[in-house]
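structure.pdb (PDB, C-alpha atoms, pLDDT in the B column) appears below.
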ATOM      1  CA  MET A   1     110.854 135.779 101.668  1.00 54.00           C
ATOM      2  CA  SER A   2     107.555 136.324  99.871  1.00 49.00           C
ATOM      3  CA  THR A   3     104.129 136.920 101.403  1.00 47.00           C
ATOM      4  CA  VAL A   4     100.622 136.077 100.201  1.00 43.00           C
ATOM      5  CA  LEU A   5      97.560 137.326 102.099  1.00 41.00           C
ATOM      6  CA  GLU A   6      94.392 135.259 101.698  1.00 42.00           C
ATOM      7  CA  LYS A   7      90.838 136.108 102.701  1.00 46.00           C
ATOM      8  CA  PRO A   8      88.356 135.616 104.293  1.00 54.00           C
ATOM      9  CA  GLU A   9      90.037 133.213 106.766  1.00 64.00           C
ATOM     10  CA  GLN A  10      92.908 135.676 107.255  1.00 79.00           C
ATOM     11  CA  ARG A  11      95.726 133.413 106.199  1.00 84.00           C
ATOM     12  CA  VAL A  12      99.268 134.580 105.616  1.00 89.00           C
ATOM     13  CA  LEU A  13     101.618 132.364 103.633  1.00 92.00           C
ATOM     14  CA  LEU A  14     105.369 132.904 103.975  1.00 95.00           C
ATOM     15  CA  HIS A  15     108.074 131.245 101.905  1.00 95.00           C
ATOM     16  CA  GLY A  16     111.740 130.822 102.702  1.00 97.00           C
ATOM     17  CA  VAL A  17     111.223 130.728 106.469  1.00 97.00           C
ATOM     18  CA  SER A  18     113.906 129.106 108.620  1.00 97.00           C
ATOM     19  CA  TRP A  19     113.116 126.623 111.373  1.00 97.00           C
ATOM     20  CA  GLU A  20     114.538 129.067 113.903  1.00 96.00           C
ATOM     21  CA  THR A  21     112.197 131.837 112.731  1.00 96.00           C
ATOM     22  CA  TYR A  22     109.208 129.492 112.832  1.00 95.00           C
ATOM     23  CA  THR A  23     109.897 128.284 116.383  1.00 94.00           C
ATOM     24  CA  ARG A  24     110.571 131.837 117.552  1.00 92.00           C
ATOM     25  CA  LEU A  25     107.215 132.978 116.174  1.00 90.00           C
ATOM     26  CA  CYS A  26     105.511 130.065 117.915  1.00 89.00           C
ATOM     27  CA  ALA A  27     107.201 130.984 121.194  1.00 87.00           C
ATOM     28  CA  ASP A  28     106.346 134.672 120.843  1.00 84.00           C
ATOM     29  CA  CYS A  29     102.676 133.872 120.249  1.00 79.00           C
ATOM     30  CA  ASP A  30     102.454 131.183 122.913  1.00 70.00           C
ATOM     31  CA  GLU A  31     101.123 133.656 125.450  1.00 60.00           C
ATOM     32  CA  SER A  32      98.534 135.059 123.014  1.00 56.00           C
ATOM     33  CA  PRO A  33      96.462 132.267 121.458  1.00 63.00           C
ATOM     34  CA  GLY A  34      94.327 133.098 118.445  1.00 75.00           C
ATOM     35  CA  ALA A  35      96.417 131.919 115.510  1.00 85.00           C
ATOM     36  CA  HIS A  36      97.623 128.592 114.154  1.00 89.00           C
ATOM     37  CA  PHE A  37     101.075 128.067 112.661  1.00 93.00           C
ATOM     38  CA  THR A  38     101.688 125.335 110.102  1.00 95.00           C
ATOM     39  CA  PHE A  39     105.256 124.806 108.875  1.00 96.00           C
ATOM     40  CA  ASP A  40     106.365 122.568 106.040  1.00 95.00           C
ATOM     41  CA  ARG A  41     110.021 122.666 105.042  1.00 96.00           C
ATOM     42  CA  GLY A  42     110.396 126.420 104.729  1.00 96.00           C
ATOM     43  CA  THR A  43     106.780 127.359 104.031  1.00 96.00           C
ATOM     44  CA  LEU A  44     104.836 128.862 106.927  1.00 96.00           C
ATOM     45  CA  GLU A  45     101.097 129.427 107.020  1.00 93.00           C
ATOM     46  CA  ILE A  46      99.686 131.643 109.746  1.00 91.00           C
ATOM     47  CA  MET A  47      95.921 131.461 110.179  1.00 89.00           C
ATOM     48  CA  VAL A  48      94.018 133.882 112.395  1.00 87.00           C
ATOM     49  CA  LEU A  49      91.154 131.968 113.980  1.00 86.00           C
ATOM     50  CA  SER A  50      87.600 133.216 113.461  1.00 88.00           C
ATOM     51  CA  PHE A  51      84.514 132.596 115.559  1.00 89.00           C
ATOM     52  CA  GLU A  52      83.031 130.461 112.783  1.00 90.00           C
ATOM     53  CA  HIS A  53      86.151 128.321 112.596  1.00 90.00           C
ATOM     54  CA  GLU A  54      86.388 127.841 116.351  1.00 92.00           C
ATOM     55  CA  SER A  55      82.674 127.141 116.730  1.00 94.00           C
ATOM     56  CA  LEU A  56      82.736 124.438 114.052  1.00 95.00           C
ATOM     57  CA  SER A  57      85.961 122.802 115.212  1.00 95.00           C
ATOM     58  CA  ARG A  58      84.773 122.622 118.822  1.00 96.00           C
ATOM     59  CA  LEU A  59      81.432 121.173 117.727  1.00 97.00           C
ATOM     60  CA  LEU A  60      83.182 118.438 115.740  1.00 98.00           C
ATOM     61  CA  ALA A  61      85.453 117.721 118.703  1.00 98.00           C
ATOM     62  CA  ALA A  62      82.421 117.517 120.998  1.00 98.00           C
ATOM     63  CA  LEU A  63      80.809 115.044 118.604  1.00 98.00           C
ATOM     64  CA  PHE A  64      83.881 112.818 118.687  1.00 98.00           C
ATOM     65  CA  GLU A  65      83.996 112.887 122.484  1.00 98.00           C
ATOM     66  CA  ILE A  66      80.303 112.060 122.904  1.00 98.00           C
ATOM     67  CA  ILE A  67      80.572 109.096 120.542  1.00 98.00           C
ATOM     68  CA  ALA A  68      83.829 107.876 122.105  1.00 98.00           C
ATOM     69  CA  GLU A  69      82.408 108.113 125.622  1.00 97.00           C
ATOM     70  CA  GLU A  70      79.254 106.220 124.670  1.00 97.00           C
ATOM     71  CA  ARG A  71      81.374 103.560 122.935  1.00 97.00           C
ATOM     72  CA  ASP A  72      83.645 103.370 126.021  1.00 96.00           C
ATOM     73  CA  ILE A  73      86.681 104.336 123.917  1.00 97.00           C
ATOM     74  CA  ASP A  74      89.452 105.861 125.991  1.00 97.00           C
ATOM     75  CA  PHE A  75      91.089 109.057 124.746  1.00 98.00           C
ATOM     76  CA  GLU A  76      93.237 112.015 125.723  1.00 97.00           C
ATOM     77  CA  ASN A  77      92.424 115.418 124.259  1.00 97.00           C
ATOM     78  CA  ALA A  78      95.642 117.165 123.181  1.00 96.00           C
ATOM     79  CA  GLY A  79      93.727 120.242 122.011  1.00 94.00           C
ATOM     80  CA  SER A  80      95.792 122.552 119.813  1.00 91.00           C
ATOM     81  CA  THR A  81      99.134 121.326 121.087  1.00 92.00           C
ATOM     82  CA  THR A  82     102.039 122.454 118.908  1.00 92.00           C
ATOM     83  CA  PHE A  83     103.617 119.367 117.329  1.00 94.00           C
ATOM     84  CA  GLN A  84     107.081 119.834 115.836  1.00 95.00           C
ATOM     85  CA  ARG A  85     109.693 117.620 114.174  1.00 95.00           C
ATOM     86  CA  GLU A  86     112.841 119.574 113.421  1.00 95.00           C
ATOM     87  CA  ASP A  87     114.418 116.561 111.715  1.00 95.00           C
ATOM     88  CA  LEU A  88     111.504 116.574 109.227  1.00 95.00           C
ATOM     89  CA  GLY A  89     111.230 120.349 109.010  1.00 96.00           C
ATOM     90  CA  ARG A  90     107.555 120.183 109.872  1.00 96.00           C
ATOM     91  CA  GLY A  91     105.286 121.511 112.584  1.00 96.00           C
ATOM     92  CA  PHE A  92     101.607 122.222 113.129  1.00 94.00           C
ATOM     93  CA  GLU A  93      98.806 123.011 115.534  1.00 92.00           C
ATOM     94  CA  ALA A  94      95.699 120.988 114.814  1.00 92.00           C
ATOM     95  CA  ASP A  95      92.257 122.342 115.562  1.00 93.00           C
ATOM     96  CA  THR A  96      92.032 119.401 117.971  1.00 96.00           C
ATOM     97  CA  ALA A  97      94.249 116.349 118.326  1.00 97.00           C
ATOM     98  CA  TYR A  98      93.408 113.136 120.167  1.00 98.00           C
ATOM     99  CA  TYR A  99      95.334 110.197 121.515  1.00 98.00           C
ATOM    100  CA  ILE A 100      93.255 107.025 121.480  1.00 98.00           C
ATOM    101  CA  GLN A 101      95.358 103.909 120.975  1.00 96.00           C
ATOM    102  CA  ASN A 102      98.218 105.831 122.586  1.00 96.00           C
ATOM    103  CA  ALA A 103      96.162 107.517 125.316  1.00 97.00           C
ATOM    104  CA  GLU A 104      97.922 105.667 128.141  1.00 96.00           C
ATOM    105  CA  ARG A 105     101.352 106.601 126.774  1.00 96.00           C
ATOM    106  CA  VAL A 106     100.723 110.349 127.053  1.00 96.00           C
ATOM    107  CA  ARG A 107      98.370 110.508 130.027  1.00 95.00           C
ATOM    108  CA  GLY A 108      99.731 112.694 132.806  1.00 93.00           C
ATOM    109  CA  LYS A 109     102.517 114.236 130.725  1.00 92.00           C
ATOM    110  CA  LYS A 110     103.070 117.986 130.831  1.00 91.00           C
ATOM    111  CA  GLN A 111     104.832 118.200 127.485  1.00 91.00           C
ATOM    112  CA  LEU A 112     104.844 116.134 124.299  1.00 91.00           C
ATOM    113  CA  VAL A 113     107.863 115.815 122.029  1.00 90.00           C
ATOM    114  CA  LEU A 114     107.312 114.178 118.648  1.00 90.00           C
ATOM    115  CA  GLY A 115     109.966 111.568 117.981  1.00 88.00           C
ATOM    116  CA  GLU A 116     110.076 110.696 121.660  1.00 92.00           C
ATOM    117  CA  ASP A 117     106.321 110.613 122.222  1.00 94.00           C
ATOM    118  CA  PRO A 118     103.835 109.084 119.763  1.00 95.00           C
ATOM    119  CA  PRO A 119     102.009 111.241 117.223  1.00 95.00           C
ATOM    120  CA  PRO A 120      98.267 111.831 117.701  1.00 97.00           C
ATOM    121  CA  ASP A 121      95.886 109.097 116.600  1.00 97.00           C
ATOM    122  CA  LEU A 122      93.222 111.514 115.372  1.00 98.00           C
ATOM    123  CA  ILE A 123      93.378 115.066 114.067  1.00 97.00           C
ATOM    124  CA  ILE A 124      90.269 117.179 113.614  1.00 97.00           C
ATOM    125  CA  GLU A 125      90.668 119.868 110.980  1.00 94.00           C
ATOM    126  CA  VAL A 126      88.115 122.469 109.891  1.00 93.00           C
ATOM    127  CA  ASP A 127      88.771 124.690 106.874  1.00 87.00           C
ATOM    128  CA  VAL A 128      86.291 127.537 106.485  1.00 81.00           C
ATOM    129  CA  SER A 129      88.352 128.652 103.494  1.00 70.00           C
ATOM    130  CA  SER A 130      90.789 126.516 101.548  1.00 67.00           C
ATOM    131  CA  SER A 131      94.319 126.318 102.887  1.00 66.00           C
ATOM    132  CA  SER A 132      97.222 126.984 100.526  1.00 63.00           C
ATOM    133  CA  LEU A 133      99.334 124.446 102.398  1.00 78.00           C
ATOM    134  CA  ALA A 134      98.638 120.742 101.872  1.00 86.00           C
ATOM    135  CA  LYS A 135      98.225 119.511 105.425  1.00 91.00           C
ATOM    136  CA  LEU A 136      97.389 115.821 104.936  1.00 92.00           C
ATOM    137  CA  PRO A 137     100.916 114.919 103.714  1.00 91.00           C
ATOM    138  CA  LEU A 138     102.318 116.910 106.628  1.00 92.00           C
ATOM    139  CA  PHE A 139     100.162 115.061 109.173  1.00 94.00           C
ATOM    140  CA  SER A 140     101.100 111.785 107.535  1.00 93.00           C
ATOM    141  CA  ALA A 141     104.824 112.615 107.619  1.00 92.00           C
ATOM    142  CA  VAL A 142     104.815 113.017 111.402  1.00 93.00           C
ATOM    143  CA  GLY A 143     102.936 109.731 111.847  1.00 93.00           C
ATOM    144  CA  ALA A 144      99.357 110.799 112.626  1.00 95.00           C
ATOM    145  CA  ALA A 145      96.896 107.992 111.917  1.00 95.00           C
ATOM    146  CA  GLU A 146      93.564 109.565 110.957  1.00 97.00           C
ATOM    147  CA  VAL A 147      92.063 112.941 110.083  1.00 97.00           C
ATOM    148  CA  TRP A 148      88.460 114.108 110.234  1.00 97.00           C
ATOM    149  CA  ARG A 149      88.337 117.058 107.857  1.00 96.00           C
ATOM    150  CA  TYR A 150      85.463 119.448 107.255  1.00 95.00           C
ATOM    151  CA  GLU A 151      85.874 121.657 104.211  1.00 91.00           C
ATOM    152  CA  GLY A 152      83.446 123.220 101.784  1.00 85.00           C
ATOM    153  CA  GLY A 153      80.449 121.780 103.615  1.00 89.00           C
ATOM    154  CA  ALA A 154      81.714 118.190 103.360  1.00 93.00           C
ATOM    155  CA  LEU A 155      83.092 115.899 106.055  1.00 95.00           C
ATOM    156  CA  SER A 156      85.761 113.428 105.007  1.00 96.00           C
ATOM    157  CA  ILE A 157      87.799 110.781 106.811  1.00 98.00           C
ATOM    158  CA  TRP A 158      91.423 110.324 105.801  1.00 97.00           C
ATOM    159  CA  LEU A 159      93.570 107.370 106.810  1.00 96.00           C
ATOM    160  CA  LEU A 160      97.243 108.196 106.930  1.00 94.00           C
ATOM    161  CA  SER A 161     100.306 106.044 106.495  1.00 83.00           C
ATOM    162  CA  GLU A 162     103.739 106.227 104.912  1.00 72.00           C
ATOM    163  CA  ALA A 163     101.985 106.054 101.544  1.00 76.00           C
ATOM    164  CA  ASP A 164      99.600 108.709 100.214  1.00 86.00           C
ATOM    165  CA  PRO A 165      96.597 109.625 102.430  1.00 91.00           C
ATOM    166  CA  VAL A 166      93.534 107.543 101.562  1.00 94.00           C
ATOM    167  CA  GLN A 167      89.974 108.770 101.902  1.00 96.00           C
ATOM    168  CA  SER A 168      87.738 106.309 103.732  1.00 97.00           C
ATOM    169  CA  THR A 169      84.006 105.971 104.277  1.00 97.00           C
ATOM    170  CA  VAL A 170      84.540 104.704 107.831  1.00 97.00           C
ATOM    171  CA  SER A 171      86.738 105.563 110.780  1.00 97.00           C
ATOM    172  CA  ARG A 172      89.420 103.328 112.229  1.00 96.00           C
ATOM    173  CA  VAL A 173      89.628 105.044 115.605  1.00 96.00           C
ATOM    174  CA  ILE A 174      85.888 104.501 116.156  1.00 96.00           C
ATOM    175  CA  PRO A 175      85.080 101.234 114.361  1.00 95.00           C
ATOM    176  CA  GLY A 176      81.812 101.217 112.432  1.00 95.00           C
ATOM    177  CA  LEU A 177      81.421 104.992 112.442  1.00 97.00           C
ATOM    178  CA  SER A 178      80.895 106.381 108.940  1.00 98.00           C
ATOM    179  CA  ALA A 179      81.779 109.764 107.479  1.00 98.00           C
ATOM    180  CA  GLN A 180      78.126 110.090 106.511  1.00 97.00           C
ATOM    181  CA  ASP A 181      76.991 109.725 110.127  1.00 97.00           C
ATOM    182  CA  ILE A 182      79.634 112.155 111.365  1.00 98.00           C
ATOM    183  CA  GLN A 183      78.519 114.768 108.850  1.00 97.00           C
ATOM    184  CA  ARG A 184      74.836 114.217 109.620  1.00 97.00           C
ATOM    185  CA  TRP A 185      75.246 114.799 113.350  1.00 98.00           C
ATOM    186  CA  PHE A 186      77.805 117.541 112.866  1.00 98.00           C
ATOM    187  CA  GLU A 187      75.410 119.491 110.665  1.00 97.00           C
ATOM    188  CA  ALA A 188      72.529 118.783 113.059  1.00 97.00           C
ATOM    189  CA  GLY A 189      74.519 120.423 115.840  1.00 97.00           C
ATOM    190  CA  GLN A 190      75.080 123.671 113.976  1.00 95.00           C
ATOM    191  CA  GLY A 191      72.568 126.155 115.343  1.00 90.00           C
ATOM    192  CA  ALA A 192      70.987 123.589 117.679  1.00 95.00           C
ATOM    193  CA  ARG A 193      70.726 123.909 121.443  1.00 97.00           C
ATOM    194  CA  ARG A 194      73.850 122.034 122.554  1.00 96.00           C
ATOM    195  CA  ASN A 195      72.298 119.972 125.352  1.00 97.00           C
ATOM    196  CA  ASP A 196      69.379 118.819 123.194  1.00 98.00           C
ATOM    197  CA  TRP A 197      71.774 117.883 120.382  1.00 98.00           C
ATOM    198  CA  ALA A 198      74.096 115.984 122.721  1.00 98.00           C
ATOM    199  CA  LYS A 199      71.207 113.953 124.132  1.00 98.00           C
ATOM    200  CA  LYS A 200      70.093 112.969 120.634  1.00 98.00           C
ATOM    201  CA  VAL A 201      73.634 111.955 119.669  1.00 98.00           C
ATOM    202  CA  ARG A 202      74.007 109.819 122.801  1.00 98.00           C
ATOM    203  CA  LYS A 203      70.693 108.074 122.156  1.00 97.00           C
ATOM    204  CA  TRP A 204      71.665 107.404 118.538  1.00 97.00           C
ATOM    205  CA  VAL A 205      74.993 105.887 119.595  1.00 97.00           C
ATOM    206  CA  ARG A 206      73.350 103.669 122.197  1.00 96.00           C
ATOM    207  CA  ASP A 207      70.706 102.483 119.750  1.00 95.00           C
ATOM    208  CA  SER A 208      73.084 102.019 116.811  1.00 92.00           C
ATOM    209  CA  PHE A 209      76.095 100.459 118.527  1.00 88.00           C
ATOM    210  CA  ALA A 210      74.541  98.573 121.429  1.00 74.00           C
ATOM    211  CA  SER A 211      76.174  95.306 120.357  1.00 63.00           C
ATOM    212  CA  ALA A 212      79.612  96.932 120.133  1.00 61.00           C
ATOM    213  CA  ARG A 213      79.791  97.881 123.808  1.00 55.00           C
TER     214      ARG A 213
END

As structure tokens, the full file:
Amino acid sequence: MSTVLEKPEQRVLLHGVSWETYTRLCADCDESPGAHFTFDRGTLEIMVLSFEHESLSRLLAALFEIIAEERDIDFENAGSTTFQREDLGRGFEADTAYYIQNAERVRGKKQLVLGEDPPPDLIIEVDVSSSSLAKLPLFSAVGAAEVWRYEGGALSIWLLSEADPVQSTVSRVIPGLSAQDIQRWFEAGQGARRNDWAKKVRKWVRDSFASAR
């Protein structure tokens, strides 16, 4: 097993990790949140969450929820639920995961099991520093549909399928919403008073998508 320590996001990359070791680490840390585990067929990335990372990921999640609510789009927030597929040798904890098309199928459940329950429809992922583990193919492998990714100051939308992930200028989960608009409002919210920002976002949605309601 080899180890690589990466800064400044405090990432540890482990190779040659068994599924049993990965799940045991997840269980041991379940009572002490503050790190994300991403596992891909023997490679494990452990990321210690920073204030910057958490602040940005929660802001992007808040933006999604405001827009979805104003568009009357139903959703269930799965937060940083640990999603695992032992048969695929893959597991992850998204910054935030949402069920939209499949919201009714998971509503009220206390536990989600991939393979029995549907994968999330939307994953929000913020990378303050570049990850050494390619996450888009992993998300795609477990059946997630769309990713909003913020990395290096840029917001991108990725549509996932059995083929390679495809970058898109518009979202599928919120029709008509562009990556450009997401980035504009996401950046506007950084450092802004949250209530003032939220009011402006709501007004923009109402003015821009009135005919879509």

As an exercise, work out the distance from atom CA of A:Lys203 to atom CA of A:Ser171 in Å and give it to one decimal place.
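Atom CA of A:Lys203 sits 19.8 Å away from atom CA of A:Ser171.
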
Please produce, as JSON lines, a per-residue contact table for stretch 105-177 of chain A versus stretch 65-84 of chain A (criterion: any atom at most 12 Å away, only C-alpha atoms considered), showing the nearest atom pair and its distance in Å to one decimal, sorted by chain then residue number.
{"residue": "A:Arg105", "atom": "CA", "partner": "A:Glu76", "partner_atom": "CA", "distance": 9.8}
{"residue": "A:Val106", "atom": "CA", "partner": "A:Glu76", "partner_atom": "CA", "distance": 7.8}
{"residue": "A:Arg107", "atom": "CA", "partner": "A:Glu76", "partner_atom": "CA", "distance": 6.9}
{"residue": "A:Gly108", "atom": "CA", "partner": "A:Glu76", "partner_atom": "CA", "distance": 9.6}
{"residue": "A:Lys109", "atom": "CA", "partner": "A:Ala78", "partner_atom": "CA", "distance": 10.6}
{"residue": "A:Lys110", "atom": "CA", "partner": "A:Ala78", "partner_atom": "CA", "distance": 10.7}
{"residue": "A:Gln111", "atom": "CA", "partner": "A:Thr81", "partner_atom": "CA", "distance": 9.1}
{"residue": "A:Leu112", "atom": "CA", "partner": "A:Phe83", "partner_atom": "CA", "distance": 7.8}
{"residue": "A:Val113", "atom": "CA", "partner": "A:Phe83", "partner_atom": "CA", "distance": 7.3}
{"residue": "A:Leu114", "atom": "CA", "partner": "A:Gln84", "partner_atom": "CA", "distance": 6.3}
{"residue": "A:Gly115", "atom": "CA", "partner": "A:Gln84", "partner_atom": "CA", "distance": 9.0}
{"residue": "A:Glu116", "atom": "CA", "partner": "A:Gln84", "partner_atom": "CA", "distance": 11.2}
{"residue": "A:Asp117", "atom": "CA", "partner": "A:Phe83", "partner_atom": "CA", "distance": 10.4}
{"residue": "A:Pro118", "atom": "CA", "partner": "A:Phe83", "partner_atom": "CA", "distance": 10.6}
{"residue": "A:Pro119", "atom": "CA", "partner": "A:Phe83", "partner_atom": "CA", "distance": 8.3}
{"residue": "A:Pro120", "atom": "CA", "partner": "A:Ala78", "partner_atom": "CA", "distance": 8.1}
{"residue": "A:Asp121", "atom": "CA", "partner": "A:Phe75", "partner_atom": "CA", "distance": 9.5}
{"residue": "A:Leu122", "atom": "CA", "partner": "A:Asn77", "partner_atom": "CA", "distance": 9.7}
{"residue": "A:Ile123", "atom": "CA", "partner": "A:Gly79", "partner_atom": "CA", "distance": 9.5}
{"residue": "A:Ile124", "atom": "CA", "partner": "A:Gly79", "partner_atom": "CA", "distance": 9.6}
{"residue": "A:Glu125", "atom": "CA", "partner": "A:Ser80", "partner_atom": "CA", "distance": 10.6}
{"residue": "A:Leu138", "atom": "CA", "partner": "A:Gln84", "partner_atom": "CA", "distance": 10.8}
{"residue": "A:Phe139", "atom": "CA", "partner": "A:Phe83", "partner_atom": "CA", "distance": 9.8}
{"residue": "A:Ala141", "atom": "CA", "partner": "A:Gln84", "partner_atom": "CA", "distance": 11.2}
{"residue": "A:Val142", "atom": "CA", "partner": "A:Gln84", "partner_atom": "CA", "distance": 8.4}
{"residue": "A:Gly143", "atom": "CA", "partner": "A:Phe83", "partner_atom": "CA", "distance": 11.1}
{"residue": "A:Ala144", "atom": "CA", "partner": "A:Phe83", "partner_atom": "CA", "distance": 10.7}
{"residue": "A:Ser171", "atom": "CA", "partner": "A:Ala68", "partner_atom": "CA", "distance": 11.9}
{"residue": "A:Val173", "atom": "CA", "partner": "A:Ile73", "partner_atom": "CA", "distance": 8.8}
{"residue": "A:Ile174", "atom": "CA", "partner": "A:Ala68", "partner_atom": "CA", "distance": 7.1}
{"residue": "A:Pro175", "atom": "CA", "partner": "A:Arg71", "partner_atom": "CA", "distance": 9.6}
{"residue": "A:Gly176", "atom": "CA", "partner": "A:Arg71", "partner_atom": "CA", "distance": 10.8}
{"residue": "A:Leu177", "atom": "CA", "partner": "A:Ile67", "partner_atom": "CA", "distance": 9.1}

How big is the axis-aligned box around the listed atoms of stretch 33-49 of chain A once 5 Å is added on each side, and where is its centre? Give both in Å to one decimal, as lines of an AutoDock Vina configuration file.
center_x = 100.8
center_y = 128.2
center_z = 112.7
size_x = 29.2
size_y = 21.3
size_z = 27.4

Once the PyMOL selection byres ((chain A and resi 63) around 9) is applied to the coordinates I shared, what remains selected? I want it as a PyMOL selection string.
chain A and resi 58-62+64-68+182+185-186+189+198+201

Between atom CA of A:Ser178 and atom CA of A:Gly91 - distance in Å to one decimal
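It comes out at 28.9 Å.
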
Result set, the PyMOL selection byres ((chain A and resi 20-30) around 12) on current file, as a ChimeraX atom specification
/A:1,14-19,31-46,48,80-86,89-93

Take atom CA of A:Trp204 and atom CA of A:Asp127 and report the distance between them in Å, one decimal.
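Value for the atom CA of A:Trp204-atom CA of A:Asp127 distance: 27.0 Å.
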
From the set A:Val147, A:Ala94, A:Leu13, A:Ile157, which residue has the shortest atom-to-atom contact distance to A:Thr169, counting all atoms listed in the file?
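So, comparing all the options, the nearest one is A:Ile157.
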
Excluding A:Leu159 and its own-chain neighbours fewer than 5 positions away, which residues fall within 8 Å of it when counting all atoms listed in the file? Please give them as a PyMOL selection string.
chain A and resi 145-147+165-168+172

Among the residues A:Ser50, A:Asn102, A:Ser156, A:Ser161, the one that comes closest to A:Ala179 [using all atoms listed in the file]
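Once distances to A:Ala179 are computed over all atoms listed in the file, the minimum belongs to A:Ser156.
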
Distance criterion (all atoms listed in the file): nearest to A:Arg184 out of A:Ala163, A:Glu104, A:Trp197, A:Ala97
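Residue with the minimum atom-to-atom distance to A:Arg184: A:Trp197.
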
Could you please fill out stretch 58-78 of chain A with N, CA and C atoms and send it back as a compact mmCIF listing (two decimals), in the coordinates of the input?
# COMPACT_ATOMS: atom_id res chain seq x y z
N ARG A 58 85.13 123.10 117.48
CA ARG A 58 84.77 122.62 118.82
C ARG A 58 83.53 121.74 118.79
N LEU A 59 82.61 122.03 117.87
CA LEU A 59 81.43 121.17 117.73
C LEU A 59 81.84 119.79 117.23
N LEU A 60 82.74 119.73 116.26
CA LEU A 60 83.18 118.44 115.74
C LEU A 60 83.95 117.67 116.80
N ALA A 61 84.75 118.37 117.60
CA ALA A 61 85.45 117.72 118.70
C ALA A 61 84.47 117.19 119.74
N ALA A 62 83.44 117.96 120.04
CA ALA A 62 82.42 117.52 121.00
C ALA A 62 81.71 116.27 120.48
N LEU A 63 81.46 116.22 119.18
CA LEU A 63 80.81 115.04 118.60
C LEU A 63 81.69 113.81 118.78
N PHE A 64 82.97 113.95 118.49
CA PHE A 64 83.88 112.82 118.69
C PHE A 64 83.84 112.34 120.14
N GLU A 65 83.91 113.27 121.07
CA GLU A 65 84.00 112.89 122.48
C GLU A 65 82.72 112.22 122.97
N ILE A 66 81.57 112.70 122.52
CA ILE A 66 80.30 112.06 122.90
C ILE A 66 80.26 110.62 122.39
N ILE A 67 80.62 110.44 121.12
CA ILE A 67 80.57 109.10 120.54
C ILE A 67 81.59 108.19 121.22
N ALA A 68 82.79 108.69 121.45
CA ALA A 68 83.83 107.88 122.10
C ALA A 68 83.41 107.48 123.51
N GLU A 69 82.85 108.42 124.26
CA GLU A 69 82.41 108.11 125.62
C GLU A 69 81.31 107.05 125.62
N GLU A 70 80.34 107.19 124.73
CA GLU A 70 79.25 106.22 124.67
C GLU A 70 79.74 104.85 124.20
N ARG A 71 80.80 104.83 123.40
CA ARG A 71 81.37 103.56 122.94
C ARG A 71 82.42 103.03 123.91
N ASP A 72 82.65 103.74 125.01
CA ASP A 72 83.64 103.37 126.02
C ASP A 72 85.04 103.26 125.41
N ILE A 73 85.36 104.25 124.54
CA ILE A 73 86.68 104.34 123.92
C ILE A 73 87.50 105.37 124.66
N ASP A 74 88.60 104.96 125.22
CA ASP A 74 89.45 105.86 125.99
C ASP A 74 90.16 106.85 125.06
N PHE A 75 90.37 108.07 125.55
CA PHE A 75 91.09 109.06 124.75
C PHE A 75 91.68 110.13 125.64
N GLU A 76 92.67 110.82 125.11
CA GLU A 76 93.24 112.02 125.72
C GLU A 76 93.15 113.15 124.71
N ASN A 77 92.59 114.27 125.13
CA ASN A 77 92.42 115.42 124.26
C ASN A 77 93.69 116.27 124.34
N ALA A 78 94.42 116.35 123.22
CA ALA A 78 95.64 117.16 123.18
C ALA A 78 95.36 118.58 122.71
